[in-house]
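Next comes data-v5.txt, a file with compact mmCIF, C-alpha atoms.
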```txt
# COMPACT_ATOMS: atom_id res chain seq x y z
CA MET A 877 6.97 -47.12 -5.91
CA LEU A 878 10.69 -47.90 -5.90
CA ALA A 879 11.54 -44.32 -6.90
CA LEU A 880 9.34 -42.95 -4.13
CA GLY A 881 10.98 -45.25 -1.60
CA LEU A 882 14.44 -44.10 -2.59
CA ALA A 883 13.43 -40.46 -2.43
CA SER A 884 11.87 -40.94 0.97
CA ALA A 885 15.12 -42.43 2.21
CA VAL A 886 17.05 -39.21 1.52
CA PRO A 887 18.02 -37.80 4.94
CA LEU A 888 16.99 -34.24 5.65
CA PHE A 889 20.35 -33.54 7.31
CA SER A 890 22.03 -33.77 3.88
CA GLN A 891 20.14 -30.65 2.83
CA PRO A 892 21.30 -27.06 3.55
CA ALA A 893 20.62 -25.82 7.07
CA PRO A 894 19.02 -22.40 7.72
CA GLY A 895 21.55 -19.70 6.94
CA GLU A 896 23.67 -21.73 4.51
CA ILE A 897 24.83 -20.19 1.24
CA VAL A 898 24.14 -22.42 -1.77
CA SER A 899 25.50 -22.16 -5.32
CA GLY A 900 24.31 -23.61 -8.60
CA VAL A 901 20.85 -22.03 -8.37
CA GLN A 902 21.06 -19.41 -11.13
CA ASN A 903 18.51 -20.00 -13.91
CA ARG A 904 16.81 -22.70 -11.82
CA ILE A 905 13.01 -22.58 -11.54
CA LEU A 906 11.46 -22.06 -8.10
CA SER A 907 8.04 -23.27 -6.96
CA ARG A 908 5.55 -21.60 -4.65
CA THR A 909 5.33 -24.72 -2.48
CA PRO A 910 7.29 -28.00 -2.37
CA ALA A 911 6.45 -29.82 -5.65
CA GLY A 912 3.98 -27.03 -6.41
CA PRO A 913 3.53 -24.94 -9.57
CA PRO A 914 6.53 -22.89 -10.75
CA CYS A 915 6.62 -19.24 -9.75
CA CYS A 916 9.87 -17.66 -10.93
CA VAL A 917 13.43 -18.18 -12.15
CA VAL A 918 16.50 -17.37 -10.08
CA ARG A 919 18.37 -14.68 -12.02
CA GLY A 920 21.22 -14.15 -9.56
CA GLY A 921 23.39 -16.27 -7.32
CA PRO A 922 24.23 -17.51 -4.86
CA ALA A 923 21.16 -18.10 -2.67
CA ILE A 924 20.54 -18.50 1.03
CA ALA A 925 18.65 -21.49 2.38
CA PHE A 926 16.08 -21.40 5.18
CA GLU A 927 14.10 -24.60 5.50
CA SER A 928 14.01 -28.12 4.03
CA LYS A 929 11.03 -30.46 3.97
CA ARG A 930 9.83 -33.46 2.05
CA GLY A 931 7.26 -32.67 -0.61
CA PRO A 932 4.28 -34.73 -1.78
CA ASP A 933 6.50 -36.13 -4.54
CA GLY A 934 8.79 -37.70 -1.93
CA ALA A 935 11.72 -35.39 -2.76
CA VAL A 936 13.34 -32.99 -0.31
CA TRP A 937 12.71 -29.33 -1.17
CA THR A 938 14.51 -26.27 0.22
CA LEU A 939 13.15 -22.74 0.63
CA VAL A 940 15.67 -20.21 -0.70
CA ILE A 941 16.10 -16.54 -1.48
CA GLY A 942 18.20 -15.93 -4.58
CA ALA A 943 20.63 -13.05 -4.82
CA ASP A 944 18.14 -11.37 -7.17
CA GLY A 945 15.42 -11.45 -4.49
CA SER A 946 13.49 -14.42 -5.91
CA VAL A 947 11.83 -16.57 -3.25
CA GLY A 948 10.63 -20.15 -3.61
CA TRP A 949 11.23 -23.85 -3.16
CA ILE A 950 13.79 -25.89 -5.07
CA LYS A 951 14.70 -29.55 -4.87
CA GLY A 952 18.00 -31.35 -5.06
CA LEU A 953 20.17 -28.93 -3.07
CA LYS A 954 22.96 -30.41 -0.99
CA ALA A 955 24.58 -29.00 2.11
CA ALA A 956 27.99 -27.43 1.49
CA GLY A 957 28.65 -26.14 4.99
CA LEU A 958 29.05 -22.52 3.83
CA ARG A 959 27.22 -20.42 6.40
CA ALA A 960 26.41 -16.72 6.26
CA THR A 961 26.20 -14.28 9.15
CA ALA A 962 24.10 -11.12 9.26
CA LEU A 963 25.77 -7.74 9.73
CA PRO A 964 24.25 -4.24 10.06
CA ARG A 965 24.03 -2.25 6.83
CA ASN A 966 25.38 1.24 6.25
CA GLY A 967 27.97 1.11 9.01
CA ALA A 968 25.51 0.83 11.92
CA PRO A 969 27.18 -0.57 15.05
CA ILE A 970 24.46 -3.10 15.90
CA LEU A 971 21.51 -4.87 14.33
CA ASN A 972 17.93 -3.81 15.03
CA VAL A 973 15.40 -6.61 15.48
CA VAL A 974 11.86 -7.25 16.69
CA PRO A 975 11.34 -9.90 19.36
CA ALA A 976 8.63 -11.96 17.61
CA ASP A 977 7.49 -13.07 14.16
CA PRO A 978 6.70 -9.79 12.33
CA ALA A 979 3.53 -11.31 10.88
CA SER A 980 2.03 -11.47 14.37
CA LEU A 981 2.69 -8.01 15.77
CA ASP A 982 3.05 -4.33 15.02
CA SER A 983 6.78 -4.58 14.48
CA ALA A 984 7.30 -0.83 14.05
CA LYS A 985 6.62 -0.37 17.78
CA GLN A 986 8.75 -3.31 18.88
CA ILE A 987 12.19 -2.56 17.45
CA GLN A 988 15.03 -3.18 19.87
CA PRO A 989 18.82 -3.22 19.46
CA ALA A 990 20.70 -6.50 19.33
CA TYR A 991 24.35 -7.44 18.61
CA PRO A 992 26.90 -6.62 15.87
CA THR A 993 26.42 -10.01 14.16
CA GLY A 994 23.76 -12.69 14.13
CA GLU A 995 23.38 -16.28 12.95
CA ILE A 996 20.48 -16.83 10.54
CA SER A 997 18.06 -19.43 11.87
CA GLY A 998 14.91 -18.98 9.76
CA SER A 999 12.70 -16.68 7.73
CA ALA A 1000 9.09 -15.55 7.50
CA GLU A 1001 6.88 -13.72 5.04
CA ALA A 1002 5.66 -10.35 6.27
CA MET A 1003 3.52 -7.55 4.94
CA THR A 1004 5.42 -4.97 2.88
CA THR A 1005 5.32 -1.47 4.38
CA ASN A 1006 8.02 0.20 2.24
CA SER A 1007 6.36 2.97 0.18
CA PHE A 1008 8.70 2.44 -2.77
CA GLN A 1009 7.90 -1.26 -2.98
CA LEU A 1010 4.17 -0.60 -2.62
CA ALA A 1011 4.27 1.79 -5.60
CA LEU A 1012 5.58 -0.88 -7.99
CA PRO A 1013 3.12 -3.06 -9.95
CA PRO A 1014 3.40 -6.82 -9.25
CA HIS A 1015 5.13 -7.70 -12.53
CA LEU A 1016 7.89 -5.14 -11.85
CA ASN A 1017 8.20 -5.73 -8.11
CA PRO A 1018 11.12 -8.02 -7.20
CA PHE A 1019 10.78 -7.63 -3.44
CA GLY A 1020 9.57 -10.63 -1.50
CA GLY A 1021 8.90 -8.99 1.86
CA ARG A 1022 10.89 -11.65 3.70
CA TRP A 1023 12.15 -11.27 7.24
CA LEU A 1024 15.08 -13.14 8.77
CA GLN A 1025 15.16 -14.77 12.16
CA LEU A 1026 18.55 -14.12 13.78
CA ALA A 1027 20.05 -15.94 16.74
CA PHE A 1028 22.37 -14.14 19.17
CA GLY A 1029 23.25 -17.04 21.43
CA PRO A 1030 20.10 -17.77 23.43
CA VAL A 1031 18.41 -14.56 22.20
CA LYS A 1032 16.46 -14.46 18.90
CA GLY A 1033 14.92 -11.64 16.91
CA TRP A 1034 13.57 -10.74 13.47
CA THR A 1035 14.65 -8.15 10.92
CA SER A 1036 13.88 -7.31 7.30
CA VAL A 1037 16.11 -9.06 4.77
CA TYR A 1038 16.85 -5.63 3.21
CA ASP A 1039 18.15 -4.17 6.48
CA VAL A 1040 21.16 -6.47 6.85
CA SER A 1041 24.27 -7.40 4.92
CA LEU A 1042 25.32 -11.03 4.53
CA SER A 1043 28.89 -12.10 5.12
CA TRP A 1044 30.31 -15.37 3.76
CA ASP A 1045 33.36 -16.72 1.97
CA ARG A 1046 32.70 -15.08 -1.41
CA SER A 1047 35.57 -16.96 -3.05
CA ALA A 1048 33.65 -20.20 -2.40
CA ALA A 1049 30.35 -18.79 -3.71
CA PRO A 1050 30.95 -15.71 -5.90
CA LEU A 1051 28.25 -13.34 -7.07
CA SER A 1052 26.76 -13.74 -10.53
CA GLY A 1053 23.74 -12.38 -12.38
CA LEU A 1054 21.37 -9.87 -10.77
CA VAL A 1055 22.30 -9.15 -7.14
CA ARG A 1056 20.34 -7.14 -4.55
CA LYS A 1057 20.47 -6.59 -0.81
CA PRO A 1058 21.41 -8.41 1.41
CA PHE A 1059 23.94 -10.11 -0.94
CA LEU A 1060 25.63 -6.91 -2.14
CA PRO A 1061 29.26 -6.09 -1.34
CA LYS A 1062 29.98 -3.58 1.39
CA PRO A 1063 29.66 0.10 0.36
CA ALA A 1064 33.44 0.29 -0.03
CA GLY A 1065 33.06 -2.11 -2.97
CA ALA A 1066 31.68 0.75 -5.06
CA ARG A 1067 35.23 2.10 -5.39
CA GLU A 1068 35.99 -0.77 -7.74
CA TRP A 1069 33.41 0.73 -10.11
CA LEU A 1070 33.61 4.47 -9.59
CA ARG A 1071 35.75 7.02 -7.83
CA PRO A 1072 34.38 10.40 -6.69
CA GLY A 1073 35.46 13.30 -8.86
CA GLU A 1074 36.76 11.28 -11.82
CA ALA A 1075 35.73 11.91 -15.44
CA VAL A 1076 34.07 8.87 -17.04
CA PRO A 1077 32.68 8.49 -20.58
CA GLN A 1078 28.93 9.18 -20.63
CA ILE A 1079 27.40 6.62 -22.97
CA ASP A 1080 23.80 7.80 -23.40
CA GLY A 1081 24.83 10.32 -26.07
CA SER A 1082 23.97 13.46 -24.07
CA ALA A 1083 27.60 14.37 -23.28
CA ASP A 1084 31.15 13.24 -23.95
CA SER A 1085 32.07 12.64 -20.33
CA TYR A 1086 30.61 12.79 -16.83
CA ARG A 1087 32.37 13.94 -13.69
CA THR A 1088 31.14 11.88 -10.78
CA PRO A 1089 29.98 13.72 -7.63
CA GLU A 1090 32.23 13.87 -4.60
CA GLY A 1091 31.50 11.66 -1.62
CA PRO A 1092 31.01 7.93 -1.19
CA PHE A 1093 28.88 5.85 -3.53
CA GLU A 1094 26.85 2.82 -2.53
CA ILE A 1095 26.04 -0.07 -4.82
CA GLU A 1096 22.26 -0.46 -4.79
CA GLU A 1097 22.04 -3.35 -7.26
CA LEU A 1098 24.49 -5.26 -9.43
CA ILE A 1099 24.56 -7.33 -12.61
CA ALA A 1100 27.70 -9.40 -12.16
CA GLY A 1101 29.56 -11.74 -14.46
CA ALA A 1102 30.45 -15.29 -13.51
CA PRO A 1103 33.77 -17.12 -13.11
CA SER A 1104 32.80 -19.30 -16.08
CA ALA A 1105 32.12 -16.25 -18.28
CA PRO A 1106 34.32 -13.38 -17.10
CA ALA A 1107 34.48 -11.50 -20.41
CA VAL A 1108 30.91 -10.17 -20.35
CA PRO A 1109 29.56 -6.69 -19.65
CA GLU A 1110 28.63 -5.95 -16.04
CA LEU A 1111 26.57 -3.16 -14.51
CA ALA A 1112 26.25 -1.49 -11.11
CA LEU A 1113 23.36 0.71 -10.04
CA VAL A 1114 24.92 3.19 -7.62
CA SER A 1115 23.67 6.12 -5.58
CA ASN A 1116 25.31 9.14 -3.97
CA SER A 1117 23.30 11.69 -1.96
CA GLY A 1118 20.33 11.58 -4.32
CA SER A 1119 22.36 11.04 -7.49
CA TRP A 1120 21.75 7.77 -9.33
CA LEU A 1121 23.99 6.25 -11.99
CA MET A 1122 24.30 3.09 -13.98
CA VAL A 1123 27.98 2.22 -14.22
CA VAL A 1124 28.81 -0.21 -17.02
CA LYS A 1125 32.00 -2.25 -17.01
CA GLY A 1126 33.08 -3.80 -20.31
CA ALA A 1127 34.86 -7.06 -20.94
CA ARG A 1128 38.23 -5.27 -20.85
CA GLY A 1129 37.55 -3.46 -17.57
CA GLN A 1130 36.70 -0.08 -19.08
CA THR A 1131 33.79 1.83 -17.55
CA GLY A 1132 31.10 4.19 -18.78
CA VAL A 1133 28.16 5.83 -17.01
CA VAL A 1134 24.51 6.64 -17.62
CA PRO A 1135 23.16 9.35 -15.27
CA LEU A 1136 19.61 8.53 -14.17
CA ALA A 1137 16.63 10.51 -12.89
CA GLN A 1138 17.11 11.37 -9.23
CA TYR A 1139 14.54 8.95 -7.91
CA ARG A 1140 14.81 5.50 -6.33
CA HIS A 1141 15.54 2.92 -9.07
CA VAL A 1142 15.25 -0.84 -9.29
CA LEU A 1143 16.64 -3.10 -12.00
CA GLY A 1144 14.50 -5.82 -13.51
CA LYS A 1145 14.87 -8.42 -16.23
CA PHE A 1146 18.27 -8.39 -17.93
CA GLU A 1147 19.87 -10.32 -20.76
CA ARG A 1148 23.16 -10.43 -22.60
CA ALA A 1149 22.63 -10.95 -26.32
CA ASP A 1150 24.71 -10.34 -29.44
CA LEU A 1151 22.16 -8.19 -31.26
CA ASN A 1152 24.38 -6.97 -34.10
CA GLY A 1153 26.36 -10.16 -34.77
CA ASP A 1154 29.79 -8.72 -33.96
CA GLY A 1155 30.61 -11.48 -31.47
CA ALA A 1156 30.33 -9.21 -28.40
CA PRO A 1157 27.09 -9.30 -26.39
CA GLU A 1158 25.03 -6.21 -25.74
CA LEU A 1159 23.49 -5.79 -22.28
CA LEU A 1160 19.73 -5.24 -22.06
CA VAL A 1161 18.20 -4.28 -18.72
CA ARG A 1162 14.87 -3.00 -17.43
CA ASP A 1163 15.08 0.09 -15.17
CA THR A 1164 12.07 1.25 -13.13
CA PHE A 1165 11.82 4.29 -10.88
CA VAL A 1166 9.09 5.77 -8.70
CA HIS A 1167 8.30 9.49 -8.75
CA GLY A 1168 5.61 11.81 -7.44
CA ASP A 1169 3.14 11.01 -10.22
CA GLY A 1170 3.58 7.23 -10.30
CA TYR A 1171 6.28 5.06 -11.79
CA THR A 1172 8.21 4.92 -15.07
CA SER A 1173 9.89 1.87 -16.61
CA VAL A 1174 12.38 1.88 -19.46
CA LEU A 1175 14.54 -0.64 -21.29
CA TRP A 1176 18.23 0.12 -21.81
CA VAL A 1177 20.10 -1.44 -24.72
CA ILE A 1178 23.81 -1.01 -23.94
CA ASP A 1179 26.51 -1.63 -26.53
CA CYS A 1180 29.88 -1.67 -24.78
CA SER A 1181 32.17 -3.27 -27.32
CA GLY A 1182 35.40 -1.52 -28.30
CA PRO A 1183 36.77 1.62 -26.55
CA ALA A 1184 34.48 3.13 -23.90
CA THR A 1185 34.34 6.44 -25.76
CA GLY A 1186 32.40 4.63 -28.51
CA TRP A 1187 29.89 2.86 -26.25
CA ARG A 1188 26.19 3.56 -26.68
CA ALA A 1189 23.14 3.24 -24.41
CA ILE A 1190 19.69 3.45 -26.03
CA ARG A 1191 16.69 4.24 -23.81
CA LEU A 1192 13.35 2.74 -24.84
CA ALA A 1193 10.05 3.67 -23.20
CA MET A 1194 8.19 0.71 -21.68
CA GLU A 1195 5.64 1.83 -19.08
CA ALA A 1196 4.49 5.10 -17.56
CA ASP A 1197 1.89 5.21 -14.83
CA ALA A 1198 0.82 8.78 -14.17
CA GLU A 1199 -2.65 9.51 -12.83
CA ASP A 1200 -2.93 12.89 -14.59
CA SER A 1201 -1.49 11.78 -17.95
CA SER A 1202 -3.47 10.60 -20.97
CA ASP A 1203 -0.28 8.96 -22.28
CA SER A 1204 -0.06 6.37 -19.49
CA ARG A 1205 1.14 2.96 -20.65
CA ARG A 1206 0.57 0.04 -18.31
CA ASP A 1207 1.97 -3.46 -18.69
CA SER A 1208 4.83 -4.30 -21.01
CA ALA A 1209 7.28 -7.06 -21.85
CA TRP A 1210 10.43 -7.56 -23.90
CA TRP A 1211 12.50 -10.48 -25.09
CA VAL A 1212 15.15 -11.40 -27.66
CA ASP A 1213 14.37 -13.94 -30.37
CA ARG A 1214 17.45 -15.72 -31.71
CA GLY A 1215 16.91 -17.20 -35.14
CA ALA A 1216 18.66 -18.00 -38.40
CA ALA A 1217 18.40 -14.35 -39.42
CA GLY A 1218 20.06 -13.12 -36.23
CA SER A 1219 18.75 -11.67 -32.97
CA VAL A 1220 15.53 -9.64 -32.93
CA LEU A 1221 14.37 -7.48 -30.01
CA TRP A 1222 10.62 -7.71 -29.38
CA ILE A 1223 8.74 -5.18 -27.24
CA ALA A 1224 5.07 -5.35 -26.23
CA ARG A 1225 3.32 -2.36 -24.64
CA SER A 1226 -0.26 -1.79 -23.59
CA ASP A 1227 -1.87 1.63 -23.65
CA GLN A 1228 -5.33 3.17 -23.85
CA ASN A 1229 -5.71 1.79 -27.40
CA GLY A 1230 -4.76 -1.80 -26.57
CA VAL A 1231 -1.45 -3.63 -27.03
CA ALA A 1232 1.14 -2.86 -29.70
CA PHE A 1233 4.23 -4.87 -30.64
CA ARG A 1234 7.59 -3.83 -32.03
CA ALA A 1235 10.28 -6.07 -33.56
CA ALA A 1236 13.65 -4.45 -34.23
CA LYS A 1237 17.20 -5.25 -35.26
CA TYR A 1238 20.19 -3.48 -33.79
CA ALA A 1239 22.99 -2.32 -36.10
CA ASN A 1240 25.31 0.68 -36.46
CA GLY A 1241 24.37 1.98 -33.03
CA GLY A 1242 20.61 2.09 -33.62
CA LEU A 1243 17.41 0.06 -33.83
CA SER A 1244 15.43 -0.41 -37.03
CA ASP A 1245 12.04 -2.09 -37.27
CA LEU A 1246 11.67 -5.35 -39.14
CA ALA A 1247 10.27 -5.04 -42.62
CA GLY A 1248 6.85 -6.51 -43.26
CA ALA A 1249 3.26 -5.44 -43.18
CA ALA A 1250 2.04 -7.31 -40.11
CA TYR A 1251 2.98 -9.19 -36.95
CA TYR A 1252 1.13 -12.21 -35.62
CA ALA A 1253 0.60 -13.58 -32.10
CA ALA A 1254 0.18 -17.29 -31.44
CA VAL A 1255 -1.59 -17.31 -28.07
CA THR A 1256 -1.68 -20.48 -25.97
CA GLY A 1257 -3.49 -19.02 -22.95
CA SER A 1258 -4.80 -15.84 -21.32
CA PHE A 1259 -4.60 -15.04 -17.61
CA ASP A 1260 -5.81 -12.46 -15.13
CA SER A 1261 -2.35 -11.83 -13.64
CA HIS A 1262 1.28 -11.78 -14.69
CA ALA A 1263 2.09 -14.33 -11.97
CA ALA A 1264 -0.41 -16.85 -13.38
CA ALA A 1265 0.86 -16.34 -16.94
CA GLN A 1266 4.47 -16.70 -15.82
CA SER A 1267 3.72 -19.91 -13.94
CA HIS A 1268 2.23 -21.38 -17.12
CA ALA A 1269 5.14 -20.22 -19.28
CA LEU A 1270 7.72 -21.69 -16.91
CA ALA A 1271 6.02 -25.06 -17.31
CA HIS A 1272 6.15 -24.64 -21.12
CA PRO A 1273 9.66 -23.37 -21.92
CA ALA A 1274 8.92 -22.49 -25.57
CA GLU A 1275 6.33 -19.90 -24.49
CA LEU A 1276 6.71 -16.25 -23.48
CA VAL A 1277 4.60 -13.85 -21.40
CA PHE A 1278 3.24 -10.59 -22.84
CA PRO A 1279 0.26 -8.23 -22.40
CA SER A 1280 -2.85 -9.75 -23.99
CA PRO A 1281 -3.39 -8.54 -27.57
CA SER A 1282 -7.14 -8.89 -27.04
CA VAL A 1283 -8.40 -8.25 -23.51
CA SER A 1284 -11.60 -10.13 -22.76
CA GLY A 1285 -13.06 -11.28 -19.48
CA GLY A 1286 -10.40 -9.40 -17.52
CA LYS A 1287 -7.56 -11.50 -18.95
CA THR A 1288 -4.69 -9.02 -19.20
CA TRP A 1289 -1.69 -11.32 -19.78
CA SER A 1290 -1.10 -13.98 -22.43
CA THR A 1291 1.40 -16.73 -23.18
CA GLY A 1292 2.68 -17.85 -26.58
CA ARG A 1293 4.98 -16.40 -29.23
CA LEU A 1294 5.14 -13.46 -31.65
CA PHE A 1295 6.06 -13.75 -35.31
CA ALA A 1296 6.80 -11.32 -38.14
CA ASN A 1297 4.91 -13.50 -40.67
CA ARG A 1298 1.72 -15.56 -40.65
CA MET A 1299 3.12 -18.89 -41.89
CA PRO A 1300 5.68 -19.49 -39.09
CA ALA A 1301 3.06 -18.42 -36.56
CA GLN A 1302 0.63 -21.03 -37.88
CA ARG A 1303 3.30 -23.76 -37.97
CA TRP A 1304 4.25 -23.07 -34.36
CA ALA A 1305 0.62 -22.82 -33.23
CA ALA A 1306 -0.74 -26.00 -34.83
CA PRO A 1307 0.70 -28.65 -32.45
CA ARG A 1308 -0.06 -26.45 -29.44
CA ARG A 1309 -3.62 -25.57 -30.47
CA ALA A 1310 -2.74 -21.91 -30.13
CA THR A 1311 -4.89 -19.13 -31.58
CA VAL A 1312 -3.19 -17.02 -34.28
CA SER A 1313 -4.21 -13.41 -34.84
CA ARG A 1314 -2.79 -10.31 -36.41
CA VAL A 1315 -1.63 -7.74 -33.86
CA ARG A 1316 -1.09 -4.01 -33.88
CA ARG A 1317 2.38 -2.77 -34.69
CA SER A 1318 3.92 -0.22 -32.37
CA VAL A 1319 4.52 3.40 -33.16
CA THR A 1320 7.70 4.17 -31.25
CA PRO A 1321 6.63 6.36 -28.29
CA LYS A 1322 8.46 9.33 -26.96
CA ASP A 1323 10.72 8.67 -23.99
CA PRO A 1324 8.83 9.19 -20.73
```

Would you encode the structure as structure tokens?
Amino acid sequence: MLALGLASAVPLFSQPAPGEIVSGVQNRILSRTPAGPPCCVVRGGPAIAFESKRGPDGAVWTLVIGADGSVGWIKGLKAAGLRATALPRNGAPILNVVPADPASLDSAKQIQPAYPTGEISGSAEAMTTNSFQLALPPHLNPFGGRWLQLAFGPVKGWTSVYDVSLSWDRSAAPLSGLVRKPFLPKPAGAREWLRPGEAVPQIDGSADSYRTPEGPFEIEELIAGAPSAPAVPELALVSNSGSWLMVVKGARGQTGVVPLAQYRHVLGKFERADLNGDGAPELLVRDTFVHGDGYTSVLWVIDCSGPATGWRAIRLAMEADAEDSSDSRRDSAWWVDRGAAGSVLWIARSDQNGVAFRAAKYANGGLSDLAGAAYYAAVTGSFDSHAAAQSHALAHPAELVFPSPSVSGGKTWSTGRLFANRMPAQRWAAPRRATVSRVRRSVTPKDP
């Protein structure tokens, strides 16, 4: 009772106000509601705050959007007085807004011009109408469909969070991790990564160098370092008149490029891990793009240690959703296991024959499968959606999410761990009452 009384005494005015930029959120777990079940992890910072309220646990919770697009409630944030203003994107002279909450009207018919800048005063959840976002499956869709309420003096209006650019003192709250709109730098910031017409090492092995197209580039998404760890690989997803590139920046400032299919791309889960034990982390990142037949998702393993001319980017097939293809693969997951024997990359893919798993080590510029006759899954639970499985796993940090090895009763996602031998699987499973079973090993598919 004493703890509840102290929590109840915390004043709401000490929490961030709507439109404040907050730091220290990266890798924090968000909840769907104040004190509710976990929903996601913030993979990029900073975040912007919208609303604070006291939860049923007596603590004050704040609704935020992380720089990676994650949306949820988090407790313990303090006001820092660092406010953001909204600016038009892509050089437009003024912001376009709708006059009322977009959830309550046909906003497409109500757009009206506003002012060059606006103060953020709130947010709302609205139905997604973007065709690209609608084509992505839930487990690969990072877009929250949020709208911002902007104040222009006595006038207020609403606009999509992806249609504005946020301005704040970036030296006080620098970018780190996965960053999307509206947190991205202005288009001119792409010049720090790439200059039109220059020759840059092409690191996917298909050519020695790549001459970038003429004209301005725009950063679409960013995987940034952090002031506390500056010597790590970074990546920018950039576009230029239909051309898409991943631009990789190494710890020494060198750059290399990976030309991508000329479709709209979105980055997903990323991780920096020293896969080959040389002391320099590789960068692993999920890349998904939508095309006329459906969507395709791949995993890039990028080794950018040493001179840029020796960098390597390996492309691994993850998912392909094509209505007319018998080779469609739906649902996948990947993670890195760090153990006494070094780092192991695990990949799980579902296809028309079920789910197959691959465990591989990276060395000498390539991946090789772990030796052994069989892999084993220790399953703690099965769920009918990725969101439900992820919520469970976030509450049990030792567990991972992957497509269910055995689909029954419509349960398509599982939580637990994978092992390359039976005995460690059984030891891990025993205290958790997990079910251990042998799983199918993957035959490496062709790139989609």

message = Give me the residues near A:Arg919 as a count of residues only, where near means some atom within 10 Å (using only C-alpha atoms) and where sequence neighbours in that chain fewer than 2 positions away do not count.
response = 23

task = Provide the atom CA of A:Ala1027 to atom CA of A:Ala990 distance in Å, to one decimal place.
result =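 The value is 9.8 Å.
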
Test item: residues at most 8 Å from A:Trp949, only C-alpha atoms, excluding those fewer than 3 positions along its chain, as a ChimeraX atom specification = /A:906-910,937-940

ask   = Quick one: distance from atom CA of A:Val974 to atom CA of A:Ile987 in Å, one decimal?
value = 4.8 Å

message = From (-5.5, -7.7, -23.4), in the file's coordinates, out to 9 Å: which residues are reached, counting all atoms listed in the file? Answer as a list in words.
response =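 Every residue inside that radius is included here: Ser1226, Gly1230, Val1231, Ser1258, Pro1279, Ser1280, Pro1281, Ser1282, Val1283, Ser1284, Gly1286, Lys1287, Thr1288, Trp1289 and Ser1290 of chain A.
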
request  = Would you list the contacts of A:Met1003 as number ranges by chain, taking every protein, DNA or RNA residue within 9 Å and counting all atoms listed in the file, but skipping same-chain residues closer than 2 positions in sequence?
outcome  = A: 978-979, 1001, 1005, 1021-1022

Filtering to C-alpha atoms, could you give me those residues as a compact mmCIF listing (two decimals), in the frame of the given file?
```txt
# COMPACT_ATOMS: atom_id res chain seq x y z
CA PRO A 978 6.70 -9.79 12.33
CA ALA A 979 3.53 -11.31 10.88
CA GLU A 1001 6.88 -13.72 5.04
CA THR A 1005 5.32 -1.47 4.38
CA GLY A 1021 8.90 -8.99 1.86
CA ARG A 1022 10.89 -11.65 3.70
```

query = At what distance in Å, to one decimal, does atom CA of A:Met1194 lie from atom CA of A:Ser1173?
reply =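 Computed distance, atom CA of A:Ser1173 to atom CA of A:Met1194, equals 5.5 Å.
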
task = Check the smallest atom-to-atom distance from each of A:Leu1098, A:Ile924, A:Leu1143, A:Val1174 to A:Gly957 using all atoms listed in the file, then report the winner.
result = A:Ile924

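Using all atoms listed in the file, the contacts of A:Asp1039 at a cut-off of 12 Å, with sequence neighbours closer than 5 positions omitted, comprise Ala962, Leu963, Pro964, Arg965, Asn966, Gly967, Ala968, Ile970, Leu971, Asn972, Val973, Asn1006, Gly1021, Arg1022, Trp1023, Leu1024, Trp1034, Arg1056, Lys1057, Pro1058, Phe1059 and Leu1060 of chain A.
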
Set the distance at 9 Å and use all atoms listed in the file: which residues neighbour A:Ala1112 once local chain neighbours fewer than 6 positions away are removed? I'd like the list as a compact mmCIF listing (two decimals) with C-alpha atoms, in the frame of the given file.
```txt
# COMPACT_ATOMS: atom_id res chain seq x y z
CA ALA A 1066 31.68 0.75 -5.06
CA TRP A 1069 33.41 0.73 -10.11
CA ILE A 1095 26.04 -0.07 -4.82
CA GLU A 1096 22.26 -0.46 -4.79
CA GLU A 1097 22.04 -3.35 -7.26
CA LEU A 1098 24.49 -5.26 -9.43
CA ILE A 1099 24.56 -7.33 -12.61
CA ALA A 1100 27.70 -9.40 -12.16
CA LEU A 1121 23.99 6.25 -11.99
CA MET A 1122 24.30 3.09 -13.98
CA VAL A 1123 27.98 2.22 -14.22
CA VAL A 1124 28.81 -0.21 -17.02
CA LYS A 1125 32.00 -2.25 -17.01
```

message = So, with only C-alpha atoms as the atoms that count, which of A:Thr961, A:Gln1138, A:Ser928, A:Ser997 lies closest to A:Ser890?
response =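 Among A:Thr961, A:Gln1138, A:Ser928, A:Ser997, it is A:Ser928 that comes nearest to A:Ser890.
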
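Remark: for A:Ala1247, the closest of the candidate residues A:Ala1306, A:Ala1048, A:Ala1296, A:Val1212 is A:Ala1296 (distances computed over all atoms listed in the file).
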
remark   = For A:Ala1235, the closest of A:Lys1062, A:Ser1318, A:Gly994, A:His1167 counting all atoms listed in the file is A:Ser1318

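Closest to A:Glu1158 among A:Ala1002, A:Leu1246, A:Ile1178, A:Ala1269 is A:Ile1178, based on all atoms listed in the file.
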
task = Have a look at A:Ala1193, A:Ile1079, A:Val1134, A:Val1255 and name the one nearest to A:Cys1180; count only C-alpha atoms.
result =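 Using only C-alpha atoms, A:Cys1180 sits closest to A:Ile1079.
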